[in-house]
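**Q** For reference, the file final21.csv (CSV, N, CA and C atoms) is included below:
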```csv
chain,number,residue,atom,x,y,z
A,262,MET,N,109.5,24.1,137.2
A,262,MET,CA,109.4,25.5,136.9
A,262,MET,C,109.3,25.7,135.4
A,263,ASP,N,108.4,26.6,134.9
A,263,ASP,CA,108.2,26.9,133.5
A,263,ASP,C,109.4,27.7,133.0
A,264,SER,N,109.9,27.3,131.8
A,264,SER,CA,111.1,28.0,131.3
A,264,SER,C,110.8,29.3,130.5
A,265,THR,N,109.5,29.5,130.3
A,265,THR,CA,109.1,30.7,129.6
A,265,THR,C,108.7,31.9,130.5
A,266,GLN,N,108.8,31.7,131.8
A,266,GLN,CA,108.5,32.8,132.7
A,266,GLN,C,109.5,33.9,132.6
A,267,GLY,N,109.0,35.2,132.5
A,267,GLY,CA,109.9,36.3,132.5
A,267,GLY,C,110.4,36.7,131.1
A,268,GLN,N,110.1,35.9,130.1
A,268,GLN,CA,110.5,36.2,128.8
A,268,GLN,C,109.4,36.7,127.9
A,269,THR,N,109.7,37.6,127.0
A,269,THR,CA,108.7,38.1,126.1
A,269,THR,C,108.5,37.1,124.9
A,270,PRO,N,107.3,37.0,124.4
A,270,PRO,CA,107.1,36.1,123.3
A,270,PRO,C,107.8,36.6,122.0
A,271,ALA,N,108.0,35.7,121.1
A,271,ALA,CA,108.7,36.0,119.9
A,271,ALA,C,107.9,37.0,119.0
A,272,PHE,N,106.6,37.0,119.2
A,272,PHE,CA,105.7,37.9,118.4
A,272,PHE,C,104.7,38.5,119.4
A,273,SER,N,104.2,39.6,119.1
A,273,SER,CA,103.2,40.2,120.0
A,273,SER,C,101.8,39.7,119.5
A,274,PRO,N,100.9,39.4,120.4
A,274,PRO,CA,99.6,38.9,120.1
A,274,PRO,C,98.7,39.9,119.3
A,275,SER,N,98.9,41.2,119.5
A,275,SER,CA,98.1,42.2,118.8
A,275,SER,C,99.1,43.2,118.2
A,276,PRO,N,98.7,43.7,117.1
A,276,PRO,CA,99.6,44.7,116.4
A,276,PRO,C,99.8,45.9,117.2
A,277,PRO,N,100.9,46.5,117.1
A,277,PRO,CA,101.2,47.7,117.9
A,277,PRO,C,100.2,48.8,117.5
A,278,GLU,N,99.9,49.6,118.5
A,278,GLU,CA,98.9,50.7,118.2
A,278,GLU,C,99.6,51.7,117.4
A,279,ARG,N,99.0,52.1,116.3
A,279,ARG,CA,99.5,53.1,115.4
A,279,ARG,C,99.0,54.4,115.8
A,280,GLU,N,99.9,55.4,115.6
A,280,GLU,CA,99.5,56.8,115.9
A,280,GLU,C,98.7,57.2,114.7
A,281,ASP,N,97.6,57.9,115.0
A,281,ASP,CA,96.8,58.4,113.9
A,281,ASP,C,97.3,59.8,113.4
A,282,ARG,N,98.3,59.7,112.6
A,282,ARG,CA,98.9,60.9,112.0
A,282,ARG,C,98.0,61.4,110.9
A,283,PRO,N,97.8,62.7,110.8
A,283,PRO,CA,96.9,63.1,109.6
A,283,PRO,C,97.6,62.9,108.3
A,284,LYS,N,96.8,62.7,107.3
A,284,LYS,CA,97.4,62.5,105.9
A,284,LYS,C,97.7,63.9,105.3
A,285,HIS,N,98.5,63.8,104.2
A,285,HIS,CA,98.7,65.1,103.5
A,285,HIS,C,97.4,65.5,102.8
A,286,SER,N,97.2,66.8,102.6
A,286,SER,CA,96.0,67.2,101.9
A,286,SER,C,96.2,67.1,100.4
A,287,GLY,N,95.2,66.6,99.8
A,287,GLY,CA,95.2,66.4,98.3
A,287,GLY,C,95.4,67.8,97.6
A,288,PRO,N,94.7,68.8,97.9
A,288,PRO,CA,94.9,70.1,97.3
A,288,PRO,C,96.3,70.7,97.5
A,289,GLY,N,96.9,70.4,98.7
A,289,GLY,CA,98.2,70.8,99.0
A,289,GLY,C,99.2,70.2,98.1
A,290,ILE,N,99.1,68.9,97.9
A,290,ILE,CA,100.0,68.2,97.0
A,290,ILE,C,99.9,68.7,95.6
A,291,ALA,N,98.6,68.9,95.1
A,291,ALA,CA,98.4,69.4,93.8
A,291,ALA,C,99.0,70.8,93.7
A,292,SER,N,98.9,71.6,94.7
A,292,SER,CA,99.4,73.0,94.7
A,292,SER,C,100.9,72.9,94.6
A,293,PHE,N,101.6,72.0,95.3
A,293,PHE,CA,103.0,71.9,95.2
A,293,PHE,C,103.5,71.5,93.8
A,294,ILE,N,102.8,70.5,93.2
A,294,ILE,CA,103.1,70.0,91.9
A,294,ILE,C,102.9,71.1,90.9
A,295,LEU,N,101.8,71.9,91.0
A,295,LEU,CA,101.6,73.0,90.1
A,295,LEU,C,102.6,74.1,90.3
A,296,GLY,N,103.1,74.3,91.5
A,296,GLY,CA,104.1,75.3,91.7
A,296,GLY,C,105.4,74.9,91.0
A,297,LEU,N,105.8,73.6,91.1
A,297,LEU,CA,107.0,73.2,90.4
A,297,LEU,C,106.8,73.3,88.8
A,298,ILE,N,105.6,73.0,88.3
A,298,ILE,CA,105.4,73.1,86.9
A,298,ILE,C,105.4,74.5,86.5
A,299,SER,N,104.8,75.4,87.2
A,299,SER,CA,104.7,76.8,86.8
A,299,SER,C,106.1,77.5,86.8
A,300,ILE,N,106.9,77.2,87.8
A,300,ILE,CA,108.3,77.7,87.9
A,300,ILE,C,109.1,77.2,86.7
A,301,LEU,N,109.0,75.9,86.4
A,301,LEU,CA,109.7,75.3,85.2
A,301,LEU,C,109.2,75.9,83.9
A,302,ALA,N,107.9,76.2,83.8
A,302,ALA,CA,107.3,76.8,82.6
A,302,ALA,C,107.8,78.2,82.4
A,303,VAL,N,107.9,79.0,83.4
A,303,VAL,CA,108.3,80.3,83.3
A,303,VAL,C,109.8,80.4,83.0
A,304,ILE,N,110.6,79.5,83.6
A,304,ILE,CA,112.0,79.5,83.3
A,304,ILE,C,112.3,79.1,81.8
A,305,ILE,N,111.6,78.1,81.4
A,305,ILE,CA,111.7,77.7,80.0
A,305,ILE,C,111.3,78.8,79.0
A,306,ALA,N,110.2,79.4,79.4
A,306,ALA,CA,109.7,80.5,78.5
A,306,ALA,C,110.7,81.7,78.4
A,307,ILE,N,111.3,82.0,79.5
A,307,ILE,CA,112.3,83.1,79.5
A,307,ILE,C,113.5,82.7,78.6
A,308,PHE,N,113.9,81.4,78.7
A,308,PHE,CA,115.0,81.0,77.8
A,308,PHE,C,114.6,81.0,76.3
A,309,ILE,N,113.4,80.6,76.0
A,309,ILE,CA,112.9,80.6,74.6
A,309,ILE,C,112.8,82.0,74.1
A,310,ILE,N,112.3,82.9,74.9
A,310,ILE,CA,112.3,84.3,74.5
A,310,ILE,C,113.7,84.9,74.3
A,311,ALA,N,114.6,84.6,75.2
A,311,ALA,CA,115.9,85.1,75.1
A,311,ALA,C,116.6,84.5,73.9
A,312,ALA,N,116.4,83.3,73.6
A,312,ALA,CA,117.0,82.7,72.4
A,312,ALA,C,116.5,83.3,71.1
A,313,GLY,N,115.2,83.7,71.1
A,313,GLY,CA,114.7,84.3,69.9
A,313,GLY,C,115.2,85.8,69.8
A,314,LEU,N,115.5,86.4,70.9
A,314,LEU,CA,116.0,87.8,70.8
A,314,LEU,C,117.5,87.9,70.3
A,315,VAL,N,118.2,86.7,70.3
A,315,VAL,CA,119.5,86.7,69.8
A,315,VAL,C,119.6,87.1,68.3
A,316,ASP,N,118.5,86.9,67.6
A,316,ASP,CA,118.5,87.2,66.2
A,316,ASP,C,118.5,88.7,66.0
A,317,TYR,N,118.2,89.5,67.0
A,317,TYR,CA,118.2,90.9,66.9
A,317,TYR,C,119.4,91.6,67.4
A,318,ILE,N,120.5,90.9,67.5
A,318,ILE,CA,121.8,91.4,67.8
A,318,ILE,C,122.7,91.5,66.6
A,319,ASP,N,123.2,92.7,66.3
A,319,ASP,CA,124.0,92.7,65.0
A,319,ASP,C,125.4,92.2,65.3
A,320,GLU,N,126.3,92.3,64.2
A,320,GLU,CA,127.6,91.7,64.3
A,320,GLU,C,128.5,92.4,65.3
A,321,ASN,N,128.2,93.7,65.7
A,321,ASN,CA,129.0,94.4,66.7
A,321,ASN,C,128.5,94.1,68.1
A,322,GLY,N,127.5,93.3,68.3
A,322,GLY,CA,127.0,92.9,69.6
A,322,GLY,C,126.0,93.9,70.1
A,323,VAL,N,125.5,94.8,69.3
A,323,VAL,CA,124.5,95.8,69.7
A,323,VAL,C,123.1,95.3,69.4
A,324,PHE,N,122.3,95.4,70.4
A,324,PHE,CA,120.9,94.9,70.3
A,324,PHE,C,120.1,96.0,69.7
A,325,PHE,N,119.3,95.7,68.6
A,325,PHE,CA,118.4,96.7,68.1
A,325,PHE,C,117.0,96.2,68.2
A,326,MET,N,116.1,97.1,68.6
A,326,MET,CA,114.7,96.8,68.9
A,326,MET,C,114.0,96.7,67.6
A,327,PRO,N,113.4,95.5,67.4
A,327,PRO,CA,112.6,95.3,66.1
A,327,PRO,C,111.3,96.0,66.2
A,328,ASP,N,110.6,96.1,65.1
A,328,ASP,CA,109.2,96.6,65.1
A,328,ASP,C,108.3,95.6,65.8
A,329,PRO,N,107.3,96.2,66.5
A,329,PRO,CA,106.4,95.3,67.2
A,329,PRO,C,105.7,94.3,66.3
A,330,GLU,N,105.4,94.7,65.0
A,330,GLU,CA,104.8,93.7,64.1
A,330,GLU,C,105.7,92.6,63.8
A,331,GLU,N,107.0,92.9,63.6
A,331,GLU,CA,108.0,91.9,63.3
A,331,GLU,C,108.1,90.9,64.5
A,332,LEU,N,108.2,91.5,65.7
A,332,LEU,CA,108.3,90.7,67.0
A,332,LEU,C,107.1,89.9,67.2
A,333,ALA,N,105.9,90.4,66.9
A,333,ALA,CA,104.7,89.6,67.1
A,333,ALA,C,104.6,88.4,66.2
A,334,GLY,N,105.3,88.4,65.0
A,334,GLY,CA,105.3,87.3,64.1
A,334,GLY,C,106.4,86.3,64.4
A,335,ASP,N,107.3,86.6,65.3
A,335,ASP,CA,108.4,85.7,65.6
A,335,ASP,C,107.9,84.5,66.4
A,336,ALA,N,108.2,83.3,65.9
A,336,ALA,CA,107.6,82.1,66.5
A,336,ALA,C,108.2,81.9,67.9
A,337,SER,N,109.4,82.2,68.2
A,337,SER,CA,110.0,81.9,69.5
A,337,SER,C,109.4,82.9,70.5
A,338,PHE,N,109.2,84.2,70.1
A,338,PHE,CA,108.7,85.1,71.0
A,338,PHE,C,107.2,84.8,71.3
A,339,LEU,N,106.5,84.4,70.3
A,339,LEU,CA,105.1,84.0,70.5
A,339,LEU,C,104.9,82.8,71.4
A,340,GLY,N,105.7,81.8,71.1
A,340,GLY,CA,105.7,80.5,71.8
A,340,GLY,C,106.1,80.7,73.3
A,341,GLY,N,107.2,81.5,73.5
A,341,GLY,CA,107.7,81.8,74.8
A,341,GLY,C,106.7,82.6,75.6
A,342,SER,N,106.0,83.5,75.0
A,342,SER,CA,105.0,84.3,75.7
A,342,SER,C,103.8,83.5,76.1
A,343,LEU,N,103.4,82.6,75.2
A,343,LEU,CA,102.2,81.7,75.5
A,343,LEU,C,102.6,80.8,76.7
A,344,LEU,N,103.8,80.3,76.6
A,344,LEU,CA,104.3,79.4,77.7
A,344,LEU,C,104.4,80.1,79.0
A,345,TYR,N,104.8,81.4,79.0
A,345,TYR,CA,104.9,82.2,80.2
A,345,TYR,C,103.5,82.4,80.8
A,346,LEU,N,102.6,82.8,79.9
A,346,LEU,CA,101.2,83.0,80.3
A,346,LEU,C,100.6,81.8,80.9
A,347,LEU,N,100.9,80.6,80.3
A,347,LEU,CA,100.4,79.3,80.8
A,347,LEU,C,101.0,79.1,82.2
A,348,GLY,N,102.2,79.3,82.4
A,348,GLY,CA,102.9,79.2,83.7
A,348,GLY,C,102.3,80.1,84.8
A,349,VAL,N,101.9,81.3,84.4
A,349,VAL,CA,101.3,82.2,85.4
A,349,VAL,C,99.9,81.8,85.7
A,350,LEU,N,99.2,81.3,84.7
A,350,LEU,CA,97.8,80.9,85.0
A,350,LEU,C,97.8,79.6,85.9
A,351,ILE,N,98.8,78.7,85.7
A,351,ILE,CA,98.9,77.6,86.5
A,351,ILE,C,99.3,78.0,87.9
A,352,ALA,N,100.1,79.0,88.1
A,352,ALA,CA,100.5,79.5,89.4
A,352,ALA,C,99.3,80.1,90.1
A,353,PHE,N,98.4,80.8,89.5
A,353,PHE,CA,97.2,81.3,90.2
A,353,PHE,C,96.3,80.2,90.6
A,354,VAL,N,96.2,79.2,89.8
A,354,VAL,CA,95.4,78.0,90.2
A,354,VAL,C,96.1,77.3,91.4
A,355,GLY,N,97.4,77.2,91.4
A,355,GLY,CA,98.1,76.7,92.5
A,355,GLY,C,98.0,77.4,93.8
A,356,VAL,N,97.9,78.8,93.7
A,356,VAL,CA,97.7,79.6,94.9
A,356,VAL,C,96.3,79.3,95.5
A,357,VAL,N,95.3,79.1,94.7
A,357,VAL,CA,94.0,78.8,95.2
A,357,VAL,C,94.0,77.4,95.9
A,358,LEU,N,94.6,76.4,95.2
A,358,LEU,CA,94.7,75.1,95.8
A,358,LEU,C,95.5,75.1,97.1
A,359,GLY,N,96.6,75.9,97.1
A,359,GLY,CA,97.4,76.0,98.3
A,359,GLY,C,96.6,76.6,99.5
A,360,ILE,N,95.8,77.6,99.2
A,360,ILE,CA,94.9,78.2,100.3
A,360,ILE,C,93.9,77.1,100.7
A,361,VAL,N,93.3,76.4,99.8
A,361,VAL,CA,92.4,75.4,100.2
A,361,VAL,C,93.1,74.3,101.0
A,362,GLY,N,94.3,73.9,100.6
A,362,GLY,CA,95.0,72.9,101.3
A,362,GLY,C,95.4,73.3,102.7
A,363,CYS,N,95.6,74.6,102.9
A,363,CYS,CA,96.0,75.1,104.2
A,363,CYS,C,94.8,75.2,105.2
A,364,VAL,N,93.6,75.3,104.7
A,364,VAL,CA,92.4,75.5,105.6
A,364,VAL,C,91.7,74.2,105.9
A,365,ILE,N,92.1,73.1,105.2
A,365,ILE,CA,91.5,71.8,105.4
A,365,ILE,C,91.9,71.3,106.8
A,366,ARG,N,90.9,70.9,107.6
A,366,ARG,CA,91.2,70.4,108.9
A,366,ARG,C,91.7,68.9,108.9
A,367,ASN,N,92.4,68.6,110.0
A,367,ASN,CA,92.9,67.2,110.2
A,367,ASN,C,93.8,66.7,109.0
A,368,ARG,N,94.5,67.6,108.4
A,368,ARG,CA,95.4,67.2,107.3
A,368,ARG,C,96.7,67.9,107.5
A,369,ARG,N,97.8,67.3,107.0
A,369,ARG,CA,99.1,67.9,107.1
A,369,ARG,C,99.2,69.1,106.1
A,370,ARG,N,99.9,70.1,106.4
A,370,ARG,CA,99.9,71.3,105.6
A,370,ARG,C,101.2,71.6,104.9
A,371,VAL,N,102.1,70.7,105.0
A,371,VAL,CA,103.5,70.9,104.5
A,371,VAL,C,103.5,71.2,103.0
A,372,PHE,N,102.9,70.4,102.2
A,372,PHE,CA,102.9,70.6,100.8
A,372,PHE,C,102.0,71.8,100.4
A,373,ALA,N,100.9,72.0,101.1
A,373,ALA,CA,100.1,73.2,100.8
A,373,ALA,C,100.9,74.5,101.0
A,374,ILE,N,101.7,74.6,102.1
A,374,ILE,CA,102.5,75.8,102.3
A,374,ILE,C,103.6,75.9,101.3
A,375,LEU,N,104.2,74.8,101.0
A,375,LEU,CA,105.3,74.8,100.0
A,375,LEU,C,104.7,75.2,98.6
A,376,GLY,N,103.6,74.7,98.3
A,376,GLY,CA,102.9,75.0,97.0
A,376,GLY,C,102.5,76.5,97.0
A,377,LEU,N,102.0,77.0,98.1
A,377,LEU,CA,101.6,78.4,98.2
A,377,LEU,C,102.8,79.3,98.0
A,378,VAL,N,103.9,78.9,98.6
A,378,VAL,CA,105.1,79.8,98.4
A,378,VAL,C,105.6,79.7,97.0
A,379,LEU,N,105.7,78.5,96.4
A,379,LEU,CA,106.2,78.4,95.0
A,379,LEU,C,105.3,79.2,94.0
A,380,ASN,N,104.0,79.0,94.1
A,380,ASN,CA,103.1,79.6,93.3
A,380,ASN,C,103.0,81.1,93.5
A,381,GLY,N,103.1,81.5,94.8
A,381,GLY,CA,103.1,82.9,95.1
A,381,GLY,C,104.3,83.6,94.6
A,382,LEU,N,105.5,83.0,94.5
A,382,LEU,CA,106.7,83.6,93.9
A,382,LEU,C,106.4,83.9,92.5
A,383,VAL,N,105.8,83.0,91.7
A,383,VAL,CA,105.6,83.2,90.3
A,383,VAL,C,104.5,84.3,90.1
A,384,ALA,N,103.5,84.3,90.9
A,384,ALA,CA,102.4,85.2,90.8
A,384,ALA,C,102.9,86.6,91.2
A,385,VAL,N,103.5,86.8,92.3
A,385,VAL,CA,104.0,88.1,92.8
A,385,VAL,C,105.1,88.6,91.8
A,386,GLY,N,106.0,87.7,91.4
A,386,GLY,CA,107.1,88.1,90.5
A,386,GLY,C,106.5,88.6,89.2
A,387,THR,N,105.5,88.0,88.7
A,387,THR,CA,104.8,88.5,87.4
A,387,THR,C,104.2,89.8,87.6
A,388,ILE,N,103.5,90.0,88.7
A,388,ILE,CA,102.8,91.3,89.0
A,388,ILE,C,103.9,92.4,89.2
A,389,LEU,N,104.9,92.1,89.9
A,389,LEU,CA,106.0,93.1,90.1
A,389,LEU,C,106.7,93.5,88.8
A,390,SER,N,107.0,92.5,88.0
A,390,SER,CA,107.6,92.7,86.7
A,390,SER,C,106.7,93.5,85.8
A,391,THR,N,105.4,93.3,85.8
A,391,THR,CA,104.5,94.0,85.0
A,391,THR,C,104.4,95.5,85.5
A,392,LEU,N,104.4,95.7,86.8
A,392,LEU,CA,104.4,97.1,87.3
A,392,LEU,C,105.7,97.8,87.0
A,393,LEU,N,106.8,97.1,87.1
A,393,LEU,CA,108.1,97.7,86.8
A,393,LEU,C,108.1,98.1,85.3
A,394,GLY,N,107.6,97.2,84.4
A,394,GLY,CA,107.6,97.6,83.0
A,394,GLY,C,106.7,98.7,82.7
A,395,LEU,N,105.5,98.8,83.4
A,395,LEU,CA,104.7,100.0,83.2
A,395,LEU,C,105.3,101.3,83.7
A,396,LEU,N,106.0,101.2,84.8
A,396,LEU,CA,106.7,102.3,85.4
A,396,LEU,C,107.8,102.8,84.4
A,397,ALA,N,108.6,101.9,83.9
A,397,ALA,CA,109.7,102.2,83.0
A,397,ALA,C,109.1,102.8,81.7
A,398,GLN,N,107.9,102.4,81.3
A,398,GLN,CA,107.4,102.9,80.0
A,398,GLN,C,106.9,104.3,80.1
A,399,THR,N,106.5,104.7,81.3
A,399,THR,CA,105.9,106.1,81.5
A,399,THR,C,107.1,107.1,81.7
A,400,GLN,N,108.3,106.7,81.9
A,400,GLN,CA,109.4,107.6,82.1
A,400,GLN,C,110.1,107.8,80.8
```
Rewrite the structure of this file - the entire thing - as structure tokens.
**A**
Amino acid sequence: MDSTQGQTPAFSPSPPEREDRPKHSGPGIASFILGLISILAVIIAIFIIAAGLVDYIDENGVFFMPDPEELAGDASFLGGSLLYLLGVLIAFVGVVLGIVGCVIRNRRRVFAILGLVLNGLVAVGTILSTLLGLLAQTQ
């Protein structure tokens, strides 16, 4: 009698069948990365602007509003504003890539949705803060 009957071989003759799982979408991954970059850029810009505004607090702790010409020449305010603008522009590009990543067929949409949410937070937050500033200015 053969001693190998009823036993499985030490290796399988053919590789196991692999499930064909869809790959992640390239635009979705790019949207997610741009979302992280835009959030980081906006947070750093806010800290730079706030650090520059410390110069306009007197010794009693009272904030005085500088002239717009003086504020426009301030390097930290200018650099922070440009970084904020760059972060918002990156967020809008990320929103477009997130939408593209969501509509691509036969691709996973996890990173596209995450990128869309992150970039959407920056874009919507900027729009809402701009509207709030305009509303406060008219009153």
**Q** May I have the residues within 7 Å of Phe372 (chain A) as a PDB file with N, CA and C atoms, in the coordinates of the input, using all atoms listed in the file and disregarding those fewer than 4 positions away in the same chain?
**A**
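The result, stored in result.pdb:
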```
ATOM      1  N   HIS A 285      98.500  63.800 104.200  1.00  0.00           N
ATOM      2  CA  HIS A 285      98.700  65.100 103.500  1.00  0.00           C
ATOM      3  C   HIS A 285      97.400  65.500 102.800  1.00  0.00           C
ATOM      4  N   SER A 286      97.200  66.800 102.600  1.00  0.00           N
ATOM      5  CA  SER A 286      96.000  67.200 101.900  1.00  0.00           C
ATOM      6  C   SER A 286      96.200  67.100 100.400  1.00  0.00           C
ATOM      7  N   PRO A 288      94.700  68.800  97.900  1.00  0.00           N
ATOM      8  CA  PRO A 288      94.900  70.100  97.300  1.00  0.00           C
ATOM      9  C   PRO A 288      96.300  70.700  97.500  1.00  0.00           C
ATOM     10  N   GLY A 289      96.900  70.400  98.700  1.00  0.00           N
ATOM     11  CA  GLY A 289      98.200  70.800  99.000  1.00  0.00           C
ATOM     12  C   GLY A 289      99.200  70.200  98.100  1.00  0.00           C
ATOM     13  N   ILE A 290      99.100  68.900  97.900  1.00  0.00           N
ATOM     14  CA  ILE A 290     100.000  68.200  97.000  1.00  0.00           C
ATOM     15  C   ILE A 290      99.900  68.700  95.600  1.00  0.00           C
ATOM     16  N   ALA A 291      98.600  68.900  95.100  1.00  0.00           N
ATOM     17  CA  ALA A 291      98.400  69.400  93.800  1.00  0.00           C
ATOM     18  C   ALA A 291      99.000  70.800  93.700  1.00  0.00           C
ATOM     19  N   SER A 292      98.900  71.600  94.700  1.00  0.00           N
ATOM     20  CA  SER A 292      99.400  73.000  94.700  1.00  0.00           C
ATOM     21  C   SER A 292     100.900  72.900  94.600  1.00  0.00           C
ATOM     22  N   PHE A 293     101.600  72.000  95.300  1.00  0.00           N
ATOM     23  CA  PHE A 293     103.000  71.900  95.200  1.00  0.00           C
ATOM     24  C   PHE A 293     103.500  71.500  93.800  1.00  0.00           C
ATOM     25  N   GLY A 359      96.600  75.900  97.100  1.00  0.00           N
ATOM     26  CA  GLY A 359      97.400  76.000  98.300  1.00  0.00           C
ATOM     27  C   GLY A 359      96.600  76.600  99.500  1.00  0.00           C
ATOM     28  N   GLY A 376     103.600  74.700  98.300  1.00  0.00           N
ATOM     29  CA  GLY A 376     102.900  75.000  97.000  1.00  0.00           C
ATOM     30  C   GLY A 376     102.500  76.500  97.000  1.00  0.00           C
ATOM     31  N   LEU A 377     102.000  77.000  98.100  1.00  0.00           N
ATOM     32  CA  LEU A 377     101.600  78.400  98.200  1.00  0.00           C
ATOM     33  C   LEU A 377     102.800  79.300  98.000  1.00  0.00           C
TER      34      LEU A 377
END
```
**Q** Neighbouring residues of Lys284 (chain A) were defined as those with any atom within 7 Å, considering all atoms listed in the file; residues of the same chain fewer than 5 positions away were excluded. Please report them as an MDAnalysis selection string.
**A** chainID A and resid 367:370
**Q** Quote the spacing between atom N of Ile388 (chain A) and CA of Gly334 (chain A) in Å to one decimal place.
**A** 24.8 Å
**Q** Write out as an mmCIF file with N, CA and C atoms, keeping the file's coordinate frame which residues come within 6.5 Å of Ile351 (chain A) when counting all atoms listed in the file, dropping same-chain ones fewer than 5 positions away.
**A**
```
data_model
loop_
_atom_site.group_PDB
_atom_site.id
_atom_site.type_symbol
_atom_site.label_atom_id
_atom_site.label_comp_id
_atom_site.auth_asym_id
_atom_site.auth_seq_id
_atom_site.Cartn_x
_atom_site.Cartn_y
_atom_site.Cartn_z
ATOM 1 N N LEU A 295 101.800 71.900 91.000
ATOM 2 C CA LEU A 295 101.600 73.000 90.100
ATOM 3 C C LEU A 295 102.600 74.100 90.300
ATOM 4 N N GLY A 296 103.100 74.300 91.500
ATOM 5 C CA GLY A 296 104.100 75.300 91.700
ATOM 6 C C GLY A 296 105.400 74.900 91.000
ATOM 7 N N SER A 299 104.800 75.400 87.200
ATOM 8 C CA SER A 299 104.700 76.800 86.800
ATOM 9 C C SER A 299 106.100 77.500 86.800
ATOM 10 N N LEU A 346 102.600 82.800 79.900
ATOM 11 C CA LEU A 346 101.200 83.000 80.300
ATOM 12 C C LEU A 346 100.600 81.800 80.900
ATOM 13 N N VAL A 356 97.900 78.800 93.700
ATOM 14 C CA VAL A 356 97.700 79.600 94.900
ATOM 15 C C VAL A 356 96.300 79.300 95.500
#
```
**Q** Please identify which residues in region 287-399 of chain A DSSP calls alpha helix (DSSP H) from the backbone, and express them as a PyMOL selection string.
**A** chain A and resi 287-314+329-333+336-364+371-399
**Q** Considering only strand (DSSP E) as DSSP defines it on the backbone, what residues of chain A qualify? List them as a list in words.
**A**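 The residues of chain A classed as strand (DSSP E) are Lys284, His285, Arg368 and Arg369 of chain A.
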**Q** Can you work out which one of A:Ala336, A:Met326, A:Ala384, A:Ile310 has the shortest atom-to-atom distance to Ala352 (chain A), counting only N, CA and C atoms?
**A**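 Of A:Ala336, A:Met326, A:Ala384, A:Ile310, the one nearest Ala352 (chain A) is A:Ala384, counting only N, CA and C atoms.
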**Q** Between A:Ser342, A:Gln398, A:Asn380, A:Thr391, which is the closest to Ala306 (chain A) once you count only C-alpha atoms?
**A** A:Ser342
**Q** So how far away is atom N of Gly362 (chain A) from atom C of Ser390 (chain A), in Å?
**A** 27.5 Å
**Q** Which distance in Å separates CA of Asp328 (chain A) and CA of Ala312 (chain A), to one decimal?
**A**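 Answer for the CA of Asp328 (chain A) to CA of Ala312 (chain A) separation: 17.5 Å.
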**Q** Between A:Ala373, A:Ala302, A:Ile309, A:Gly386, which one has atoms that come closest to Ile360 (chain A), using all atoms listed in the file?
**A** A:Ala373
**Q** Which residues are close to Val303 (chain A), i.e. within 9 Å by only C-alpha atoms, leaving aside same-chain residues fewer than 5 positions away? Reply as a list of chain:residue names.
**A**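 Within the cut-off, the hits are A:Ile298, A:Phe308, A:Gly341, A:Leu344, A:Tyr345, A:Leu346, A:Leu347, A:Gly348, A:Val349, A:Val383.
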**Q** Tyr317 (chain A): which residues within 7 Å, counting all atoms listed in the file, same-chain residues fewer than 5 positions away excluded, as a PyMOL selection string?
**A** chain A and resi 323-327
